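Engineer: Following this message is one structure expressed as structure tokens.
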Amino acid sequence: PALIRREDYRPFPWLVPQVSLAFRLGLEKTRVKSALTVNRNARADHSSTIRLNGDGLTPLEVTVDGEAINSWSLDGGDLMLTLAGDSHLIEIVTEIDPSANSQLMGLYASGGMLCTQCEAEGFRRITFFPDRPDVLSTYKVRMEGPRDAFPVLLSNGNCVARGEADDGTHWADWHDPWPKPSYLFALVAGDLVANRDTFITMSGRKVDLAIWVREGDLERTAHAMDSLKNSMKWDEEAFGREYDLDTFNIVAVSDFNMGAMENKGLNVFNTKYVLADRETATDGDYDAIEGVIGHEYFHNWSGNRVTCRDWFQLSLKEGFTVLRDQLFSADMGSAPVKRIEDVRILRSAQFPEDSGPLAHPIRPDSYREISNFYTATVYNKGAEVIRMMRTLAGPERFREGTDLYFERHDGEAATCEDFVRAIEDGAGLDLKQFRRWYEQAGTPKVSLRLEHQGDTATLHLEQTVPPTPGQPDKQPVPIPLRLALFDRKTGRHDGEQLVTLTETRQSFSFSGFSQPPVLSVNRGFSAPVSIERETAPEDLVFLAANDDDAFARYEAMQDLVVGHLRGLLSGSIGKAERGEGREAIGRAFAAVLADDSLDDLMRGELLILPGESYLAEQMLIADPAAIHAERESLKAWLGSTLEGEFAAVHERASAVESGNSPEAKGARKVKTQALVYLAAGAPERSAAMAAAQYDAADNMTDRQGALMVLTGLAGPERTHKLIDFYNRFRGNALVVDKWFALQSSSLHPQVLEHVKALAEHPDFTLKNPNRVRSLYMPFTGTARGFHAESGEGYRMIADLILALDPINPQTAARFVSPLGRWRRIEPVRAALLRAELERIAAAPGLSRDTHEQVSRSLG
Ligand code: B3K
Ligand code: ZN
């Protein structure tokens, strides 16, 4: 498959101002008639041929200006036509079988309904079209189909007419007045019911809102509706963005490749990000729903009104929209806790990507399959890069920058460069060097040393950006670091400062310190870098107890544990000194447990041990089994040393009345965490406690937490509660997904056998992405399962990729990256991983998606 390069971008030779589509809908056969008005693009090189992308389509009829033509040809699936003049009307008929579409791209059937997913290149599976984001058109859509099978007919924009025929069919006409690229087209036809509400915009317009779901799911849509209304209000207040249609529809579907899709006026969602009630959804699910509803809604401006010129600019809409959803969630709940969660996701998903074979800049230079670039780098690092601009400018000036961006580029397909220039002009920043953040892959490392002499503290900083595939040499990037220097006697500092490291090496001096201060740096995680520093454990304990920046406090706890475990694993700390390190960690934990000034949501963050993948990241070559064993052993030590304290927390938290308040949510968080430590340190006592928590639960957070702990333990409670959970929730697909995920992520030594058996369970299917992900994604994080020394875990994932690839290549390709970590893993496992990658690479007929990921991983 061809390599597509960013520098090869050329405007399309034709404009397509209007599209009209007529669908005759059927699950097995849908007939599509399209009519495109095309005009020569004066701003592009002239060409008398027009290439209309197609994927798996055969044209049944082609007419130009009303005349049937036979002079068309197909080129790799694309329809090629020769056009004599400057303006034409092209009409094409195609026929598709939605029920056979297991890729879930284009028009497909899901549980008796029809729906679409067009981003990035799915529209070409519906009809022939210049399927690229810089071709903007207004769409008129006629939908027609059997009334009993598809009582609800939805598309983008506003419904302008509907009617019935005598033969049992009905139809609806939809008109979207806003020009859009084809990837934002959507239609849905099915037997659905709506939760309806209204929103009055800042200029007083009324918008009809509807969340469409299957009959039985209606009572689980309240939280999604609240989240939608909060998003609409928030975007008006925080970014001055008003909604621009009379209706806004959301549809929940259970077969979906991603989380959700921002189609203009008709967002299509994975049910996972819509449906929730206390019985079936955890606090984490509630937060995720709020975040994703916000994210898709915010795309209406950052993505739809201003879209991307080409797919290399994906971070223009995704990075910015992730930042917007992060700021929204921070405003809706606890901002410090949200920031810590964001960083944890970045470190566990994006840092490994940035240091592995799939590393790419937030604005990639080339791709073969664009679906492979919907990554943590484009999304989450992209958000961090824009957040740094906001930190450099301050929120008010940043807002002037985004106002200018929306004003300048409304109605356009823009580039990352357009965004940076608008922020430069609107916020008054010089971002010349900053643009390197868009060009270079790899997580910059900052080493620092604090020197003290007389009354001056001097901070010496040095940055390196590591080499990544295709980018052996890197330039320094500007790194904004928020910092504070604490007086270790008073426990206070004189105010936070922002320093920006722009050179490879730079020093900053601070006077007025008769004693060496304690440095708190990269506060709020002001830059997405990894900090290398030698900090005395007592300074970390000091910061963990005293820092007034919540993230820095969390970071001090993490550093304390990372330093200890890394030292033990690399041998720089002898096993004999293990006790000393543990004592320091134990004191810090005890302080966190006893600190009355902390709320439980924050306490919960401070009690989380650094994850195994983040720990592996800290080592040049990782041994997953050793990391797991050392981390578990620390957990067990904490659980038994602080058994009384954890049991007390569990008891106190269990007495908090359940509900939606932050206090109740915090109590649930620390309750299960206490159980996790107790399970490691005092398994017998905790099995009974977990079973009791399970039985007493009136909400999914407590029930899932208890069951998570039990699945890692041996003993009869494990079996009993797993059976109870399944029987209680069988038939509820989202909860059955949890049941699979709990078992496949568990600490149980037989996790591999469990996953093997679950793959044979009657509820398991390769056809449903949620189900596939719930069984196999958590498994890729298990040291004893995925990283089993026999290589059986790796083989299992490789077998999955091979079996899934012909069904759903997009989802299959997502499983390649865990296998791609071989260069950073000890030699025995590295060889096993490579062998599996080679086995996949050798399979005939591999999809473009999987092929690209496997060859990059071997490369
Ligand atoms: N824009 C969609 C992504 C769809 C990608 C499909 N390969 C979801 C989102 O970021 O909002
Ligand atoms: Zn998005």
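Going through the structure tokens in order, the chains are called A, B, and so on, while each chain numbers its residues from 1 and the ligands are numbered from 1 in the order shown.
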Find the nearest atom pair between each residue of chain A and ligand 2 for residues within 8 Å, count only C-alpha atoms and all ligand atoms, give distances in Å to one decimal, sort rows by chain and ascending number, and present the table as a tab-separated table.
Structural biologist:
```
residue	atom	partner	partner_atom_place_in_ligand_line	distance
A:Met261	CA	ligand 2	1 (Zn)	7.3
A:Glu262	CA	ligand 2	1 (Zn)	7.2
A:His295	CA	ligand 2	1 (Zn)	6.2
A:Glu296	CA	ligand 2	1 (Zn)	6.2
A:His299	CA	ligand 2	1 (Zn)	6.6
A:Gly303	CA	ligand 2	1 (Zn)	8.0
A:Lys317	CA	ligand 2	1 (Zn)	6.8
A:Glu318	CA	ligand 2	1 (Zn)	4.7
A:Gly319	CA	ligand 2	1 (Zn)	7.9
A:Thr321	CA	ligand 2	1 (Zn)	6.1
A:Val322	CA	ligand 2	1 (Zn)	6.8
A:Tyr379	CA	ligand 2	1 (Zn)	7.6
```
Engineer: Could you save the residues just selected, with N, CA and C atoms, as a JSON list (two decimals), in the first residue's frame?
Structural biologist:
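Final file, out-v9.json:
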```json
[["chain", "number", "residue", "atom", "x", "y", "z"],
["A", 261, "MET", "N", -18.78, 9.69, 17.56],
["A", 261, "MET", "CA", -18.45, 10.41, 16.33],
["A", 261, "MET", "C", -19.28, 11.68, 16.23],
["A", 262, "GLU", "N", -18.58, 12.76, 15.86],
["A", 262, "GLU", "CA", -19.15, 14.11, 15.93],
["A", 262, "GLU", "C", -19.91, 14.55, 14.68],
["A", 295, "HIS", "N", -16.79, 16.17, 24.53],
["A", 295, "HIS", "CA", -15.83, 16.12, 23.41],
["A", 295, "HIS", "C", -16.55, 16.20, 22.07],
["A", 296, "GLU", "N", -17.53, 15.34, 21.86],
["A", 296, "GLU", "CA", -18.22, 15.33, 20.55],
["A", 296, "GLU", "C", -18.96, 16.64, 20.33],
["A", 299, "HIS", "N", -16.65, 19.42, 19.26],
["A", 299, "HIS", "CA", -16.23, 19.30, 17.87],
["A", 299, "HIS", "C", -17.11, 20.13, 16.94],
["A", 303, "GLY", "N", -13.64, 21.32, 14.71],
["A", 303, "GLY", "CA", -13.72, 20.10, 13.92],
["A", 303, "GLY", "C", -14.73, 20.26, 12.79],
["A", 317, "LYS", "N", -8.03, 19.28, 15.15],
["A", 317, "LYS", "CA", -9.34, 19.14, 15.79],
["A", 317, "LYS", "C", -9.28, 18.26, 17.03],
["A", 318, "GLU", "N", -8.47, 17.20, 17.01],
["A", 318, "GLU", "CA", -8.50, 16.26, 18.14],
["A", 318, "GLU", "C", -7.74, 16.77, 19.36],
["A", 319, "GLY", "N", -6.52, 17.28, 19.15],
["A", 319, "GLY", "CA", -5.77, 17.79, 20.29],
["A", 319, "GLY", "C", -6.53, 18.93, 20.95],
["A", 321, "THR", "N", -9.75, 19.59, 20.78],
["A", 321, "THR", "CA", -11.01, 19.17, 21.38],
["A", 321, "THR", "C", -10.78, 18.37, 22.66],
["A", 322, "VAL", "N", -9.70, 17.59, 22.71],
["A", 322, "VAL", "CA", -9.38, 16.91, 23.97],
["A", 322, "VAL", "C", -9.08, 17.94, 25.05],
["A", 379, "TYR", "N", -4.11, 12.71, 19.94],
["A", 379, "TYR", "CA", -5.16, 13.20, 20.84],
["A", 379, "TYR", "C", -4.58, 13.83, 22.11]]
```
Engineer: Skip Asp425 of chain A itself and residues of its chain fewer than 2 positions away, then list as a PDB file with C-alpha atoms, in the first residue's frame all residues within 12 Å of it, counting only C-alpha atoms.
Structural biologist:
```
ATOM      1  CA  ALA A 393      -0.221  33.009  27.223  1.00  0.00           C
ATOM      2  CA  ARG A 397      -4.901  35.826  26.130  1.00  0.00           C
ATOM      3  CA  PHE A 398      -5.252  32.234  25.025  1.00  0.00           C
ATOM      4  CA  ARG A 399      -8.976  32.858  24.650  1.00  0.00           C
ATOM      5  CA  GLU A 400      -8.206  35.856  22.414  1.00  0.00           C
ATOM      6  CA  GLY A 401      -6.148  33.490  20.330  1.00  0.00           C
ATOM      7  CA  THR A 402      -8.901  30.909  19.988  1.00  0.00           C
ATOM      8  CA  ASP A 403     -11.464  33.641  19.221  1.00  0.00           C
ATOM      9  CA  LEU A 404      -9.246  34.797  16.393  1.00  0.00           C
ATOM     10  CA  TYR A 405      -8.788  31.223  15.179  1.00  0.00           C
ATOM     11  CA  ARG A 408     -10.441  33.607  10.748  1.00  0.00           C
ATOM     12  CA  ASP A 418      -3.238  28.165  10.871  1.00  0.00           C
ATOM     13  CA  PHE A 419      -4.009  27.409  14.502  1.00  0.00           C
ATOM     14  CA  VAL A 420      -0.531  28.275  15.740  1.00  0.00           C
ATOM     15  CA  ARG A 421      -0.554  31.527  13.773  1.00  0.00           C
ATOM     16  CA  ALA A 422      -3.945  32.511  15.174  1.00  0.00           C
ATOM     17  CA  ILE A 423      -2.709  31.896  18.723  1.00  0.00           C
ATOM     18  CA  ALA A 427      -2.536  35.901  22.192  1.00  0.00           C
ATOM     19  CA  GLY A 428       0.585  37.838  21.309  1.00  0.00           C
ATOM     20  CA  LEU A 429       3.087  34.978  21.571  1.00  0.00           C
ATOM     21  CA  ASP A 430       6.132  34.160  19.498  1.00  0.00           C
ATOM     22  CA  LEU A 431       5.775  30.465  18.705  1.00  0.00           C
TER      23      LEU A 431
END
```
Engineer: Which residues are near Lys381 of chain A? Cut-off 8 Å, only C-alpha atoms, ignore same chain within fewer than 2 positions. Put them as a VMD selection string.
Structural biologist: chain A and resid 319 346 350 362 376 to 379 383 to 385 528
Engineer: Counting only C-alpha atoms, what is within 6 Å of Ser20 of chain A, bar same-chain residues fewer than 4 positions away, as an MDAnalysis selection string?
Structural biologist: chainID A and resid 34:35 139:141
Engineer: Using C-alpha atoms, can you export the residues from the last selection as a tab-separated table (two decimals), in the first residue's frame?
Structural biologist:
```tsv
chain	number	residue	atom	x	y	z
A	34	SER	CA	-26.05	10.66	-5.44
A	35	ALA	CA	-26.10	13.93	-7.36
A	139	TYR	CA	-26.01	18.04	1.85
A	140	LYS	CA	-29.63	17.24	1.09
A	141	VAL	CA	-30.62	13.73	2.05
```
Engineer: Find the residues near ligand 1. Use a cut-off of 10 Å, count only C-alpha atoms and all ligand atoms, and write them as a PyMOL selection string.
Structural biologist: chain A and resi 104-105+117-122+183-184+256-263+267-269+292-299+303+314-315+317-319+321-322+369-375+379+810-811
Engineer: Put those residues in a file: C-alpha atoms, as a PDB file, in the first residue's frame.
Structural biologist:
```pdb
ATOM      1  CA  LEU A 104     -18.260  -0.971  10.793  1.00  0.00           C
ATOM      2  CA  MET A 105     -17.053   1.681   8.357  1.00  0.00           C
ATOM      3  CA  GLN A 117     -19.384   5.809  10.444  1.00  0.00           C
ATOM      4  CA  CYS A 118     -17.556   7.861   7.837  1.00  0.00           C
ATOM      5  CA  GLU A 119     -14.474   9.297   9.524  1.00  0.00           C
ATOM      6  CA  ALA A 120     -11.888   9.030   8.211  1.00  0.00           C
ATOM      7  CA  GLU A 121     -12.550   7.300   4.879  1.00  0.00           C
ATOM      8  CA  GLY A 122     -15.859   5.480   5.270  1.00  0.00           C
ATOM      9  CA  TYR A 183     -16.502  12.401   6.896  1.00  0.00           C
ATOM     10  CA  LEU A 184     -19.160  14.298   8.872  1.00  0.00           C
ATOM     11  CA  PHE A 256     -18.981   0.819  17.217  1.00  0.00           C
ATOM     12  CA  ASN A 257     -15.252   1.006  16.543  1.00  0.00           C
ATOM     13  CA  MET A 258     -14.504   4.034  18.691  1.00  0.00           C
ATOM     14  CA  GLY A 259     -16.082   5.982  21.517  1.00  0.00           C
ATOM     15  CA  ALA A 260     -18.276   8.271  19.465  1.00  0.00           C
ATOM     16  CA  MET A 261     -18.452  10.408  16.331  1.00  0.00           C
ATOM     17  CA  GLU A 262     -19.152  14.113  15.928  1.00  0.00           C
ATOM     18  CA  ASN A 263     -21.238  14.029  12.704  1.00  0.00           C
ATOM     19  CA  ASN A 267     -23.568  12.457  16.880  1.00  0.00           C
ATOM     20  CA  VAL A 268     -23.345   8.676  16.870  1.00  0.00           C
ATOM     21  CA  PHE A 269     -22.166   7.135  20.119  1.00  0.00           C
ATOM     22  CA  VAL A 292     -17.117  12.099  25.638  1.00  0.00           C
ATOM     23  CA  ILE A 293     -20.476  13.875  25.306  1.00  0.00           C
ATOM     24  CA  GLY A 294     -18.577  17.118  25.849  1.00  0.00           C
ATOM     25  CA  HIS A 295     -15.832  16.116  23.414  1.00  0.00           C
ATOM     26  CA  GLU A 296     -18.216  15.329  20.548  1.00  0.00           C
ATOM     27  CA  TYR A 297     -20.310  18.419  21.207  1.00  0.00           C
ATOM     28  CA  PHE A 298     -17.221  20.669  21.272  1.00  0.00           C
ATOM     29  CA  HIS A 299     -16.227  19.297  17.867  1.00  0.00           C
ATOM     30  CA  GLY A 303     -13.720  20.098  13.915  1.00  0.00           C
ATOM     31  CA  LEU A 314      -5.932  15.578  12.664  1.00  0.00           C
ATOM     32  CA  SER A 315      -4.537  17.000  15.907  1.00  0.00           C
ATOM     33  CA  LYS A 317      -9.338  19.142  15.793  1.00  0.00           C
ATOM     34  CA  GLU A 318      -8.499  16.260  18.139  1.00  0.00           C
ATOM     35  CA  GLY A 319      -5.767  17.794  20.288  1.00  0.00           C
ATOM     36  CA  THR A 321     -11.014  19.172  21.383  1.00  0.00           C
ATOM     37  CA  VAL A 322      -9.380  16.905  23.971  1.00  0.00           C
ATOM     38  CA  GLU A 369      -3.749   3.892   6.748  1.00  0.00           C
ATOM     39  CA  ILE A 370      -5.058   6.975   8.518  1.00  0.00           C
ATOM     40  CA  SER A 371      -7.122   4.927  10.973  1.00  0.00           C
ATOM     41  CA  ASN A 372      -3.823   3.981  12.599  1.00  0.00           C
ATOM     42  CA  PHE A 373      -3.175   7.615  13.521  1.00  0.00           C
ATOM     43  CA  TYR A 374      -6.097   8.132  15.875  1.00  0.00           C
ATOM     44  CA  THR A 375      -3.579   7.785  18.640  1.00  0.00           C
ATOM     45  CA  TYR A 379      -5.161  13.203  20.840  1.00  0.00           C
ATOM     46  CA  GLN A 810      -9.389  -1.206  12.456  1.00  0.00           C
ATOM     47  CA  THR A 811      -9.944  -2.967  15.765  1.00  0.00           C
TER      48      THR A 811
END
```
Engineer: Leaving out Gly715 of chain A and any residue of its chain fewer than 6 positions from it, which residues lie within 12 Å of it when counting only C-alpha atoms, given as a list in words?
Structural biologist: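 Listed by chain and then number, they are Pro683, Glu684, Ser686, Ala687, Ala688, Ala691, Val709, Lys721, Leu722 and His748 of chain A.
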Engineer: For the residues in that selection, give me N, CA and C atoms as a PDB file, in the first residue's frame.
Structural biologist:
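Okay, this is what ended up in part_21.pdb:
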```pdb
ATOM      1  N   PRO A 683      -4.922 -11.296  52.655  1.00  0.00           N
ATOM      2  CA  PRO A 683      -5.908 -11.839  51.707  1.00  0.00           C
ATOM      3  C   PRO A 683      -7.146 -12.473  52.364  1.00  0.00           C
ATOM      4  N   GLU A 684      -6.982 -13.193  53.494  1.00  0.00           N
ATOM      5  CA  GLU A 684      -8.148 -13.886  54.069  1.00  0.00           C
ATOM      6  C   GLU A 684      -9.171 -12.875  54.570  1.00  0.00           C
ATOM      7  N   SER A 686      -9.488  -9.856  53.725  1.00  0.00           N
ATOM      8  CA  SER A 686     -10.044  -8.989  52.698  1.00  0.00           C
ATOM      9  C   SER A 686     -11.042  -9.718  51.809  1.00  0.00           C
ATOM     10  N   ALA A 687     -10.888 -11.038  51.642  1.00  0.00           N
ATOM     11  CA  ALA A 687     -11.858 -11.753  50.806  1.00  0.00           C
ATOM     12  C   ALA A 687     -13.251 -11.634  51.421  1.00  0.00           C
ATOM     13  N   ALA A 688     -13.305 -11.765  52.728  1.00  0.00           N
ATOM     14  CA  ALA A 688     -14.602 -11.625  53.395  1.00  0.00           C
ATOM     15  C   ALA A 688     -15.116 -10.196  53.293  1.00  0.00           C
ATOM     16  N   ALA A 691     -16.377  -9.625  49.764  1.00  0.00           N
ATOM     17  CA  ALA A 691     -17.675 -10.271  49.540  1.00  0.00           C
ATOM     18  C   ALA A 691     -18.785  -9.467  50.217  1.00  0.00           C
ATOM     19  N   VAL A 709     -11.388  -7.039  43.190  1.00  0.00           N
ATOM     20  CA  VAL A 709     -10.489  -7.582  44.211  1.00  0.00           C
ATOM     21  C   VAL A 709     -10.656  -9.098  44.296  1.00  0.00           C
ATOM     22  N   LYS A 721     -19.294 -14.942  43.510  1.00  0.00           N
ATOM     23  CA  LYS A 721     -19.668 -13.582  43.119  1.00  0.00           C
ATOM     24  C   LYS A 721     -19.594 -13.401  41.602  1.00  0.00           C
ATOM     25  N   LEU A 722     -18.669 -14.103  40.953  1.00  0.00           N
ATOM     26  CA  LEU A 722     -18.639 -14.011  39.480  1.00  0.00           C
ATOM     27  C   LEU A 722     -19.929 -14.573  38.889  1.00  0.00           C
ATOM     28  N   HIS A 748      -5.103 -12.758  39.132  1.00  0.00           N
ATOM     29  CA  HIS A 748      -5.114 -14.198  39.362  1.00  0.00           C
ATOM     30  C   HIS A 748      -4.005 -14.880  38.555  1.00  0.00           C
TER      31      HIS A 748
END
```
Engineer: What gap, in Å, lies between atom CA of Met777 of chain A and atom CA of Thr282 of chain A?
Structural biologist: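 About the pair atom CA of Met777 of chain A and atom CA of Thr282 of chain A: they are 18.8 Å apart.
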Engineer: Which residues, written as a VMD selection string, have at least one atom at most 8 Å from Arg278 of chain A, with only C-alpha atoms counted and residues fewer than 4 positions away on the same chain left out?
Structural biologist: chain A and resid 282 698 to 700
Engineer: Save out the residues we just selected, N, CA and C atoms, as a PDB file, in the first residue's frame.
Structural biologist:
```
ATOM      1  N   THR A 282     -20.279   2.690  36.716  1.00  0.00           N
ATOM      2  CA  THR A 282     -19.421   3.141  37.819  1.00  0.00           C
ATOM      3  C   THR A 282     -19.256   4.666  37.768  1.00  0.00           C
ATOM      4  N   ASP A 698     -25.135  -0.936  46.558  1.00  0.00           N
ATOM      5  CA  ASP A 698     -26.336  -0.489  45.856  1.00  0.00           C
ATOM      6  C   ASP A 698     -25.935   0.294  44.617  1.00  0.00           C
ATOM      7  N   ASN A 699     -24.689   0.116  44.195  1.00  0.00           N
ATOM      8  CA  ASN A 699     -24.198   0.832  43.016  1.00  0.00           C
ATOM      9  C   ASN A 699     -23.085   0.016  42.373  1.00  0.00           C
ATOM     10  N   MET A 700     -22.843   0.281  41.080  1.00  0.00           N
ATOM     11  CA  MET A 700     -21.853  -0.511  40.342  1.00  0.00           C
ATOM     12  C   MET A 700     -20.419  -0.223  40.786  1.00  0.00           C
TER      13      MET A 700
END
```
Engineer: Name the residues in contact with Arg309 of chain A at a cut-off of 10 Å, using only C-alpha atoms, excluding same-chain residues fewer than 5 positions from it; report them as a PyMOL selection string.
Structural biologist: chain A and resi 9+11+132-135+181+314+316+412-416
Engineer: Quick one: pick out all strand (DSSP E) residues within segment 96-278 of chain A from a backbone DSSP run and write them as an MDAnalysis selection string.
Structural biologist: chainID A and resid 96 106:110 113:117 137:146 152:155 158:164 169:180 187:190 193:200 206:213 247:253 260:261 266:270
Engineer: Kindly indicate which residue among A:Gly604, A:Gly785, A:Gly442, A:Gly666 lies nearest to Asp283 of chain A, using only C-alpha atoms for the distances.
Structural biologist: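 Closest residue, counting only C-alpha atoms: A:Gly666.
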Engineer: Would you please work out which residue, of A:Pro151, A:Glu164, A:Pro818, A:Phe248, is nearest to Phe199 of chain A when using only C-alpha atoms?
Structural biologist: A:Phe248
Engineer: For each of A:Lys767, A:Lys272, A:Arg523, A:Lys180, take the minimum atom-to-atom distance to Lys738 of chain A, counting only C-alpha atoms, then give the residue where this is smallest.
Structural biologist: A:Lys272
